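The next block is coords-v7.txt, given as compact mmCIF, C-alpha atoms.
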```txt
# COMPACT_ATOMS: atom_id res chain seq x y z
CA MET A 210 0.00 0.00 0.00
CA LYS A 211 1.15 3.51 -0.74
CA ARG A 212 -0.91 5.75 1.58
CA TRP A 213 -4.42 6.83 2.47
CA GLY A 214 -5.67 9.51 0.10
CA VAL A 215 -7.04 12.13 2.52
CA VAL A 216 -6.87 13.12 6.18
CA LEU A 217 -8.30 10.19 8.12
CA ILE A 218 -11.53 10.76 10.06
CA LEU A 219 -12.79 8.47 12.81
CA PHE A 220 -16.14 6.67 12.53
CA LEU A 221 -18.33 4.14 14.47
CA LEU A 222 -18.27 1.17 16.85
CA GLY A 223 -15.07 -0.35 18.04
CA ILE A 224 -14.18 -2.52 21.23
CA ASN A 225 -13.60 -6.20 20.56
CA VAL A 226 -17.29 -6.66 19.81
CA CYS A 227 -18.58 -7.51 23.29
CA ILE A 228 -17.61 -6.21 26.71
CA ILE A 229 -18.21 -9.65 28.27
CA GLY A 230 -14.97 -10.84 29.85
CA VAL A 231 -13.25 -7.46 29.43
CA ALA A 232 -15.49 -5.97 32.09
CA GLU A 233 -14.13 -8.47 34.60
CA ASN A 234 -10.90 -6.53 34.87
CA ALA A 235 -10.95 -2.74 35.20
CA GLY A 236 -7.22 -2.46 34.56
CA ARG A 237 -7.46 -4.38 31.33
CA LEU A 238 -10.52 -2.44 30.18
CA ALA A 239 -8.74 0.84 30.92
CA ALA A 240 -5.64 -0.27 29.03
CA GLU A 241 -7.60 -1.48 25.99
CA THR A 242 -9.89 1.55 25.78
CA GLY A 243 -7.58 4.31 26.95
CA LEU A 244 -10.22 5.34 29.49
CA ASP A 245 -9.10 6.63 32.87
CA THR A 246 -10.41 4.31 35.58
CA ASP A 247 -12.39 7.07 37.30
CA LEU A 248 -14.55 7.46 34.18
CA PHE A 249 -16.20 4.05 34.21
CA THR A 250 -17.78 1.54 36.56
CA GLU A 251 -18.88 -2.05 36.07
CA LEU A 252 -21.90 -3.92 37.40
CA THR A 253 -22.45 -7.67 37.25
CA VAL A 254 -26.14 -8.36 37.86
CA GLN A 255 -27.33 -11.88 38.67
CA ILE A 256 -30.48 -12.76 36.71
CA GLY A 257 -31.79 -16.29 37.02
CA GLY A 258 -28.35 -17.74 37.59
CA SER A 259 -26.80 -15.83 34.66
CA ASN A 260 -24.72 -12.65 34.60
CA LEU A 261 -25.80 -9.41 32.99
CA SER A 262 -22.78 -7.13 32.51
CA ILE A 263 -23.34 -3.38 32.60
CA VAL A 264 -20.56 -0.87 31.97
CA ALA A 265 -21.21 2.84 32.59
CA VAL A 266 -18.85 5.46 31.12
CA TYR A 267 -19.02 9.13 32.09
CA ILE A 268 -18.66 11.38 29.05
CA ASN A 269 -16.30 14.33 29.30
CA GLU A 270 -13.29 15.63 27.36
CA ARG A 271 -11.06 12.90 28.75
CA ALA A 272 -13.48 10.20 27.59
CA LEU A 273 -13.53 11.65 24.08
CA ASP A 274 -9.72 11.72 24.09
CA SER A 275 -9.59 7.94 24.66
CA LYS A 276 -9.62 5.30 21.92
CA ILE A 277 -13.24 6.06 21.24
CA SER A 278 -14.40 5.16 17.75
CA PRO A 279 -15.19 8.05 15.47
CA GLY A 280 -18.93 7.74 14.80
CA LEU A 281 -19.57 7.25 18.49
CA GLU A 282 -17.49 10.36 19.17
CA ALA A 283 -19.67 12.26 16.71
CA MET A 284 -22.77 10.99 18.53
CA LEU A 285 -21.47 11.90 21.98
CA THR A 286 -19.85 15.28 21.34
CA PRO A 287 -23.17 17.21 21.26
CA HIS A 288 -23.89 15.85 24.77
CA ILE A 289 -20.56 16.63 26.40
CA ASP A 290 -22.13 19.35 28.56
CA ASP A 291 -25.26 17.31 29.38
CA ASN A 292 -23.77 15.38 32.32
CA ALA A 293 -24.22 12.13 30.38
CA ILE A 294 -23.26 8.49 30.82
CA VAL A 295 -22.99 5.76 28.20
CA ILE A 296 -24.54 2.49 29.40
CA TRP A 297 -23.51 -0.82 27.81
CA ALA A 298 -25.34 -4.03 28.68
CA SER A 299 -24.23 -7.48 27.50
CA ALA A 300 -24.68 -11.13 28.41
CA LYS A 301 -23.59 -14.57 27.27
CA GLU A 302 -27.21 -15.58 26.79
CA ASP A 303 -30.53 -13.83 26.20
CA LEU A 304 -31.48 -11.91 29.34
CA PRO A 305 -34.14 -9.33 30.25
CA PHE A 306 -32.89 -5.76 30.55
CA ASP A 307 -34.86 -2.54 31.08
CA PRO A 308 -32.66 0.59 31.10
CA LEU A 309 -35.59 2.71 32.26
CA THR A 310 -35.27 1.08 35.70
CA ILE A 311 -31.67 2.25 36.14
CA SER A 312 -31.34 4.79 38.93
CA VAL A 313 -28.57 7.12 40.09
CA GLU A 314 -27.87 7.77 43.78
CA GLN A 315 -26.01 10.72 45.26
CA SER A 316 -25.97 12.21 48.75
CA ASP A 317 -28.81 9.98 50.01
CA LYS A 318 -31.01 10.96 47.07
CA VAL A 319 -32.28 8.55 44.41
CA PHE A 320 -32.87 9.83 40.89
CA LEU A 321 -34.99 7.82 38.44
CA PHE A 322 -34.72 8.18 34.67
CA ALA A 323 -37.81 6.29 33.57
CA GLU A 324 -38.69 8.60 30.67
CA ARG A 325 -37.41 7.83 27.18
CA SER A 326 -36.63 11.52 26.81
CA ASN A 327 -33.74 11.01 29.26
CA TRP A 328 -32.05 8.57 26.87
CA VAL A 329 -30.43 8.40 23.44
CA GLU A 330 -29.92 5.00 21.75
CA LEU A 331 -26.38 4.28 20.48
CA PRO A 332 -27.03 3.46 17.68
CA PRO A 333 -30.84 3.46 17.39
CA GLY A 334 -32.63 0.13 17.54
CA GLY A 335 -32.96 -2.44 20.33
CA PHE A 336 -31.89 -0.67 23.50
CA PHE A 337 -35.49 -0.41 24.71
CA ALA A 338 -36.53 -3.83 23.40
CA GLY A 339 -36.75 -5.27 26.90
CA GLY A 340 -33.73 -7.54 26.77
CA VAL A 341 -30.14 -8.18 25.72
CA ALA A 342 -29.46 -10.81 23.05
CA ALA A 343 -26.72 -13.36 23.69
CA GLU A 344 -23.20 -12.16 22.88
CA GLN A 345 -24.47 -8.81 21.61
CA ASP A 346 -24.29 -5.35 23.14
CA SER A 347 -27.10 -2.93 23.85
CA ALA A 348 -26.08 0.68 24.37
CA GLY A 349 -27.67 4.00 25.28
CA LEU A 350 -26.74 7.45 26.54
CA LEU A 351 -28.29 8.57 29.84
CA ILE A 352 -28.72 12.35 30.08
CA MET A 353 -28.56 13.25 33.78
CA GLY A 354 -28.59 17.03 33.39
CA ASP A 355 -28.31 19.09 36.57
CA ARG A 356 -29.77 16.40 38.82
CA ILE A 357 -26.31 14.95 39.50
CA ASP A 358 -23.21 16.87 40.61
CA PRO A 359 -20.30 15.16 38.79
CA THR A 360 -17.76 16.68 41.19
CA LYS A 361 -19.10 14.41 43.94
CA PRO A 362 -19.28 10.59 44.02
CA PHE A 363 -22.46 8.96 42.74
CA TRP A 364 -23.68 5.43 42.09
CA ILE A 365 -25.29 3.70 39.12
CA VAL A 366 -27.85 1.17 40.39
CA TYR A 367 -29.64 -1.66 38.57
CA GLN A 368 -31.74 -4.23 40.42
CA GLY A 369 -29.87 -3.59 43.66
CA THR A 370 -26.39 -3.84 42.16
CA ARG A 371 -24.34 -0.65 42.52
CA GLY A 372 -21.31 0.78 40.77
CA GLN A 373 -19.60 3.98 41.92
CA LEU A 374 -18.32 6.83 39.77
CA ASP A 375 -16.00 9.34 41.41
CA ILE A 376 -14.82 11.65 38.65
CA GLY A 377 -11.39 13.01 39.45
CA PRO A 378 -10.61 16.73 39.12
CA VAL A 379 -7.16 16.04 37.65
CA GLU A 380 -5.70 13.57 35.21
CA PRO A 381 -5.43 10.16 36.95
CA THR A 382 -2.22 8.20 36.86
CA PRO A 383 -2.09 6.26 33.59
CA THR A 384 -3.09 2.62 33.92
CA PRO A 385 -0.19 0.18 33.34
CA ALA A 386 -0.29 -1.53 29.99
CA VAL A 387 -1.49 -5.13 29.85
CA GLN A 388 -0.63 -7.89 27.43
CA GLN A 389 -2.84 -7.72 24.38
CA ARG A 390 -3.03 -9.42 20.99
CA PRO A 391 0.20 -9.74 18.99
CA GLN A 392 0.72 -6.46 17.15
CA ILE A 393 2.13 -6.05 13.66
CA ARG A 394 4.68 -3.34 13.01
CA GLU A 395 3.23 -0.21 11.52
CA GLU A 396 4.98 -0.11 8.17
CA PRO A 397 3.67 -1.42 4.86
CA VAL A 398 4.29 -5.12 4.22
CA LEU A 399 2.43 -5.40 0.94
CA GLU A 400 5.11 -4.27 -1.47
CA SER A 401 4.91 -7.62 -3.29
CA VAL A 402 1.27 -7.18 -4.27
CA THR A 403 2.18 -4.56 -6.85
CA ASP A 404 2.00 -7.10 -9.65
CA LEU A 405 -1.54 -8.03 -8.60
CA GLU A 406 -2.84 -4.51 -8.09
CA ALA A 407 -4.13 -4.00 -11.61
CA GLU A 408 -5.84 -7.38 -11.77
CA LEU A 409 -7.45 -7.04 -8.33
CA THR A 410 -8.41 -3.42 -8.88
CA TYR A 411 -9.77 -3.50 -12.41
CA GLY A 412 -10.28 -7.17 -13.31
CA ASP A 413 -12.92 -9.76 -12.49
CA PHE A 414 -13.24 -9.79 -8.70
CA SER A 415 -15.16 -13.03 -8.25
CA VAL A 416 -13.84 -15.67 -5.86
CA GLU A 417 -13.41 -18.04 -8.80
CA THR A 418 -11.00 -15.60 -10.43
CA VAL A 419 -9.21 -14.35 -7.33
CA PHE A 420 -8.37 -17.48 -5.33
CA PRO A 421 -6.02 -18.98 -7.97
CA LEU A 422 -3.96 -15.78 -7.91
CA PHE A 423 -2.86 -16.69 -4.38
CA GLY A 424 -2.76 -20.47 -4.73
CA LEU A 425 -5.34 -20.84 -1.98
CA SER A 426 -8.40 -23.01 -1.48
CA PRO A 427 -11.58 -21.16 -2.52
CA SER A 428 -13.00 -21.96 0.94
CA LEU A 429 -10.44 -19.53 2.41
CA VAL A 430 -11.24 -16.62 0.10
CA GLY A 431 -14.16 -14.22 -0.10
CA THR A 432 -14.77 -11.04 -2.08
CA ILE A 433 -17.14 -8.11 -1.64
CA ILE A 434 -17.91 -5.28 -4.08
CA ASN A 435 -19.69 -2.30 -2.58
CA LYS A 436 -20.87 0.37 -5.02
CA GLY A 437 -22.04 3.88 -4.19
CA ASP A 438 -22.38 7.13 -6.06
CA ASP A 439 -19.43 7.12 -8.48
CA GLU A 440 -17.49 4.91 -6.06
CA GLU A 441 -16.60 1.23 -6.03
CA LEU A 442 -14.94 -0.41 -3.05
CA ARG A 443 -13.51 -3.93 -3.28
CA LEU A 444 -12.73 -6.10 -0.26
CA LEU A 445 -10.60 -9.23 -0.47
CA LEU A 446 -11.12 -11.50 2.55
CA VAL A 447 -8.77 -14.39 3.41
CA ARG A 448 -9.37 -16.72 6.35
CA LEU A 449 -6.16 -17.22 8.30
CA GLU A 450 -6.23 -20.98 8.73
CA GLU A 451 -3.86 -23.87 8.32
CA GLY A 452 -3.11 -24.31 4.63
CA ILE A 453 -2.61 -20.64 3.89
CA GLU A 454 1.15 -21.23 4.07
CA GLU A 455 0.86 -23.46 1.02
CA GLY A 456 -0.27 -20.57 -1.16
CA THR A 457 1.82 -17.98 -2.95
CA LEU A 458 1.62 -15.16 -0.43
CA ASP A 459 4.82 -13.14 -0.10
CA PRO A 460 7.08 -14.55 2.67
CA GLN A 461 7.27 -11.17 4.44
CA LEU A 462 3.47 -10.86 4.48
CA LEU A 463 3.15 -14.48 5.58
CA ALA A 464 5.55 -13.87 8.46
CA SER A 465 3.45 -10.88 9.55
CA ILE A 466 0.19 -12.82 9.68
CA GLU A 467 1.68 -16.05 11.06
CA PRO A 468 0.77 -15.21 14.72
CA PHE A 469 -2.91 -15.07 13.72
CA ILE A 470 -3.18 -18.28 11.72
CA GLY A 471 -5.66 -20.59 13.42
CA ALA A 472 -6.64 -17.85 15.91
CA GLY A 473 -10.04 -17.01 14.44
CA ALA A 474 -8.97 -14.15 12.19
CA VAL A 475 -9.55 -12.89 8.66
CA MET A 476 -7.18 -10.80 6.56
CA VAL A 477 -8.87 -7.90 4.75
CA TRP A 478 -7.54 -6.00 1.75
CA ALA A 479 -9.48 -2.89 0.70
CA LEU A 480 -8.93 -1.38 -2.74
CA SER A 481 -10.81 0.63 -5.33
CA PRO A 482 -10.77 1.29 -9.09
CA THR A 483 -12.42 4.70 -8.55
CA GLY A 484 -11.28 5.84 -5.14
CA ALA A 485 -13.68 5.13 -2.28
CA GLU A 486 -14.37 5.66 1.40
CA PHE A 487 -13.52 2.69 3.62
CA SER A 488 -14.19 2.11 7.31
CA PRO A 489 -13.40 -1.21 9.00
CA TRP A 490 -16.01 -0.24 11.61
CA ASP A 491 -18.64 -0.89 8.91
CA LEU A 492 -17.66 -4.55 8.81
CA SER A 493 -19.92 -7.01 10.61
CA ILE A 494 -20.02 -10.77 11.06
CA LYS A 495 -23.09 -12.94 10.66
CA GLN A 496 -23.54 -16.52 11.86
CA ALA A 497 -26.86 -18.33 11.90
CA GLU A 498 -29.37 -15.57 12.69
CA THR A 499 -27.03 -13.40 14.74
CA ASN A 500 -25.21 -10.29 13.54
CA TYR A 501 -22.09 -9.14 15.37
CA ILE A 502 -20.84 -5.57 15.10
CA PHE A 503 -17.74 -3.91 16.47
CA ASN A 504 -18.15 -1.80 19.59
CA PRO A 505 -16.65 1.56 20.67
CA PHE A 506 -13.56 2.79 22.49
CA SER A 507 -10.87 0.41 21.22
CA SER A 508 -9.27 -0.88 18.07
CA SER A 509 -8.45 -4.28 19.58
CA SER A 510 -10.75 -5.94 17.03
CA PHE A 511 -8.31 -5.01 14.26
CA THR A 512 -4.59 -5.14 13.60
CA GLY A 513 -3.11 -3.17 10.71
CA LEU A 514 -0.95 -4.70 8.02
CA THR A 515 -0.61 -1.20 6.60
CA PRO A 516 -0.68 2.09 8.52
CA GLY A 517 -4.08 3.54 9.29
CA PHE A 518 -6.18 0.45 8.59
CA SER A 519 -8.35 0.92 11.68
CA GLU A 520 -8.88 4.63 11.00
CA PRO A 521 -11.53 5.19 8.32
CA GLY A 522 -10.68 7.31 5.35
CA PHE A 523 -10.51 7.56 1.56
CA ILE A 524 -8.60 4.99 -0.50
CA GLU A 525 -7.27 6.50 -3.69
CA ALA A 526 -7.74 4.55 -6.92
CA GLY A 527 -5.10 1.85 -7.24
CA ASN A 528 -4.09 1.90 -3.58
CA ILE A 529 -4.51 -0.91 -1.06
CA THR A 530 -4.98 -0.84 2.70
CA ALA A 531 -4.95 -4.07 4.67
CA GLY A 532 -5.40 -5.49 8.13
CA VAL A 533 -6.51 -8.45 10.21
CA VAL A 534 -10.01 -8.67 11.70
CA PHE A 535 -10.55 -10.86 14.76
CA LEU A 536 -13.77 -12.85 14.96
CA HIS A 537 -16.12 -12.16 17.84
CA ARG A 538 -15.76 -14.61 20.74
CA GLY A 539 -19.34 -15.73 20.14
CA ILE A 540 -18.49 -16.92 16.61
CA ASP A 541 -17.83 -20.63 16.07
CA PRO A 542 -14.99 -20.51 13.51
CA GLY A 543 -15.65 -24.14 12.59
CA ALA A 544 -19.20 -23.37 11.44
CA PRO A 545 -20.28 -21.33 8.40
CA PHE A 546 -20.32 -17.56 8.80
CA SER A 547 -20.37 -14.45 6.62
CA ILE A 548 -18.44 -11.20 6.72
CA CYS A 549 -20.53 -8.24 5.60
CA TYR A 550 -19.87 -4.66 4.61
CA LYS A 551 -22.79 -2.25 4.29
CA GLY A 552 -25.20 -5.03 3.36
CA GLU A 553 -22.92 -6.94 0.97
CA CYS A 554 -21.66 -10.26 2.34
CA ALA A 555 -19.06 -12.94 1.60
CA ALA A 556 -19.93 -16.41 2.92
CA PHE A 557 -17.35 -18.79 4.32
CA PRO A 558 -18.26 -22.50 4.52
CA GLN A 559 -17.66 -24.86 7.41
CA SER A 560 -14.00 -24.87 8.34
CA THR A 561 -11.82 -27.93 7.85
CA ASP A 562 -9.19 -26.51 10.17
CA LYS A 563 -9.30 -28.76 13.23
```
For this file, write the structure as structure tokens.
Amino acid sequence: MKRWGVVLILFLLGINVCIIGVAENAGRLAAETGLDTDLFTELTVQIGGSNLSIVAVYINERALDSKISPGLEAMLTPHIDDNAIVIWASAKEDLPFDPLTISVEQSDKVFLFAERSNWVELPPGGFFAGGVAAEQDSAGLLIMGDRIDPTKPFWIVYQGTRGQLDIGPVEPTPTPAVQQRPQIREEPVLESVTDLEAELTYGDFSVETVFPLFGLSPSLVGTIINKGDDEELRLLLVRLEEGIEEGTLDPQLLASIEPFIGAGAVMVWALSPTGAEFSPWDLSIKQAETNYIFNPFSSSSFTGLTPGFSEPGFIEAGNITAGVVFLHRGIDPGAPFSICYKGECAAFPQSTDK
């Protein structure tokens, strides 16, 4: 890849798809999201023997300076002076959840926010549906207004479970880094694809035509063409499974993706014959009847093979940007699934990688 064509702008939904598991460790969540620990609290609510995880994040300038994803930042910025909190709810199985029963306590006073006018869905659709679907997030923004004094401690309460927020007046001490996914160096590693650029960019982009170019099984390769007004975006998707080493991928590229082979990951190349906008946050994964999207505040769902992959922007005609996308923990990589981009999907059959 040469470079992104314009100044990169941030767009929507980014943590590693679900907060389940991450919310068990405040230090890890802080390190992955860049959030100061005084800005969020976590509640684990027992419901019928199962756990409902709720994470509340206070929105101020420091929160917007974290690893927040761009579209979410655009949604939250207008409410930065509204004394607002983002509420995420998630569970490993379908559970009831009613955000209108959340209360906030401060100085022996209890404040209820049972009116829909106190809330903004992030994004719209499902937050007030009465429950949380398994392995999916439900998110909304609670507007507290002048009822709560953010300079004093207060508590988020749901069904008797409490989580405290005590917003610090100064910058807290940075949270120590924790071990995360293997990271690829941030310089281009796709120099060898130059010979394929013209064919991938302007030629037939069907799986039947593309997979022989790399010497790979067609079951490992998917393609997506997304067309808009005067724009065409092409996505090449390669499952990182055993057998990929037998193809004709460049040794330097192969060495870069080797840590992710067999780890439930897909390599994505984005290119365009016209020049086109591309945002990895618009990718989603579908398995059975469940759609999985990527959640805010962290880019841990992606690793770049070229600089800027996780930061949406404009790809100039003839350029390529590439990265690795990690499958949601709720995905069974051995079963069929599809990767989608703005409604266009590439289906991958049942895996033979045991």
Looking at A:Ser519, A:Thr499, A:Ser326, A:Thr410, which one is nearest to Gly539 (chain A), with distances taken over all atoms listed in the file?
A:Thr499
Contact residues around region 435-451 of chain A with only C-alpha atoms at 7 Å, ignoring same-chain residues under 4 positions, as an mmCIF file with C-alpha atoms, in the coordinates of the input:
```cif
data_model
loop_
_atom_site.group_PDB
_atom_site.id
_atom_site.type_symbol
_atom_site.label_atom_id
_atom_site.label_comp_id
_atom_site.auth_asym_id
_atom_site.auth_seq_id
_atom_site.Cartn_x
_atom_site.Cartn_y
_atom_site.Cartn_z
ATOM 1 C CA LEU A 429 -10.440 -19.530 2.410
ATOM 2 C CA VAL A 430 -11.240 -16.620 0.100
ATOM 3 C CA GLY A 431 -14.160 -14.220 -0.100
ATOM 4 C CA PHE A 469 -2.910 -15.070 13.720
ATOM 5 C CA ILE A 470 -3.180 -18.280 11.720
ATOM 6 C CA GLY A 471 -5.660 -20.590 13.420
ATOM 7 C CA ALA A 474 -8.970 -14.150 12.190
ATOM 8 C CA VAL A 475 -9.550 -12.890 8.660
ATOM 9 C CA MET A 476 -7.180 -10.800 6.560
ATOM 10 C CA VAL A 477 -8.870 -7.900 4.750
ATOM 11 C CA TRP A 478 -7.540 -6.000 1.750
ATOM 12 C CA ALA A 479 -9.480 -2.890 0.700
ATOM 13 C CA LEU A 480 -8.930 -1.380 -2.740
ATOM 14 C CA SER A 481 -10.810 0.630 -5.330
ATOM 15 C CA PRO A 482 -10.770 1.290 -9.090
ATOM 16 C CA THR A 483 -12.420 4.700 -8.550
ATOM 17 C CA GLY A 484 -11.280 5.840 -5.140
ATOM 18 C CA ALA A 485 -13.680 5.130 -2.280
ATOM 19 C CA GLU A 553 -22.920 -6.940 0.970
ATOM 20 C CA ASP A 562 -9.190 -26.510 10.170
#
```
Just want the 12 Å neighbourhood of Cys549 (chain A), counted on all atoms listed in the file, with same-chain residues fewer than 6 positions away dropped. Output as an MDAnalysis selection string.
chainID A and resid 431:435 444:446 477 489:496 500:502 555:557
May I ask which of the residues A:Ala293, A:Ile256, A:Leu331, A:Ala338 is the closest one to Leu309 (chain A), counting all atoms listed in the file?
A:Ala338
Expressed in Å to a single decimal, how great is the separation between CA of Ser510 (chain A) and CA of Phe535 (chain A)?
5.4 Å
With distances taken over only C-alpha atoms, which residue among A:Glu520, A:Asp291, A:Glu467, A:Glu282 lies nearest Trp328 (chain A)?
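Going through A:Glu520, A:Asp291, A:Glu467, A:Glu282 one by one, the smallest distance to Trp328 (chain A) is for A:Asp291.
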Region 311-315 of chain A: which residues within 10 Å, counting all atoms listed in the file, same-chain residues fewer than 5 positions away excluded, as number ranges by chain?
A: 296, 306, 320-323, 351, 353, 356-359, 361-369, 371-373
Between CA of Pro287 (chain A) and CA of Leu244 (chain A), what is the distance in Å, rounded to a tenth?
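That distance, rounded to one decimal, is 19.4 Å.
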Restricting the calculation to only C-alpha atoms, which member of A:Phe511, A:Phe336, A:Phe423, A:Phe249 is positioned closest to Ser299 (chain A)?
A:Phe336
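Of note, CA of Asp459 (chain A) and CA of Val416 (chain A) are spaced 19.7 Å apart.
Environment of (-1.1, -22.1, -0.8): residues at most 9 Å away, judged by only C-alpha atoms, are Phe423, Gly424, Leu425, Ser426, Gly452, Ile453, Glu454, Glu455, Gly456, Thr457 and Leu458 of chain A.
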Okay, now the selection with C-alpha atoms, as a compact mmCIF listing (two decimals), keeping the file's coordinate frame?
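Output saved as result-v6.txt:
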```txt
# COMPACT_ATOMS: atom_id res chain seq x y z
CA PHE A 423 -2.86 -16.69 -4.38
CA GLY A 424 -2.76 -20.47 -4.73
CA LEU A 425 -5.34 -20.84 -1.98
CA SER A 426 -8.40 -23.01 -1.48
CA GLY A 452 -3.11 -24.31 4.63
CA ILE A 453 -2.61 -20.64 3.89
CA GLU A 454 1.15 -21.23 4.07
CA GLU A 455 0.86 -23.46 1.02
CA GLY A 456 -0.27 -20.57 -1.16
CA THR A 457 1.82 -17.98 -2.95
CA LEU A 458 1.62 -15.16 -0.43
```
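Nearest to His288 (chain A) of all the residues A:Gly354, A:Gly522, A:Gly552, A:Pro460 is A:Gly354, counting all atoms listed in the file.
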Minimum-distance residue to Lys276 (chain A), chosen among A:Ala342, A:Ala526, A:Ala239, A:Val264 (using all atoms listed in the file):
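Smallest separation from Lys276 (chain A) among the options: A:Ala239.
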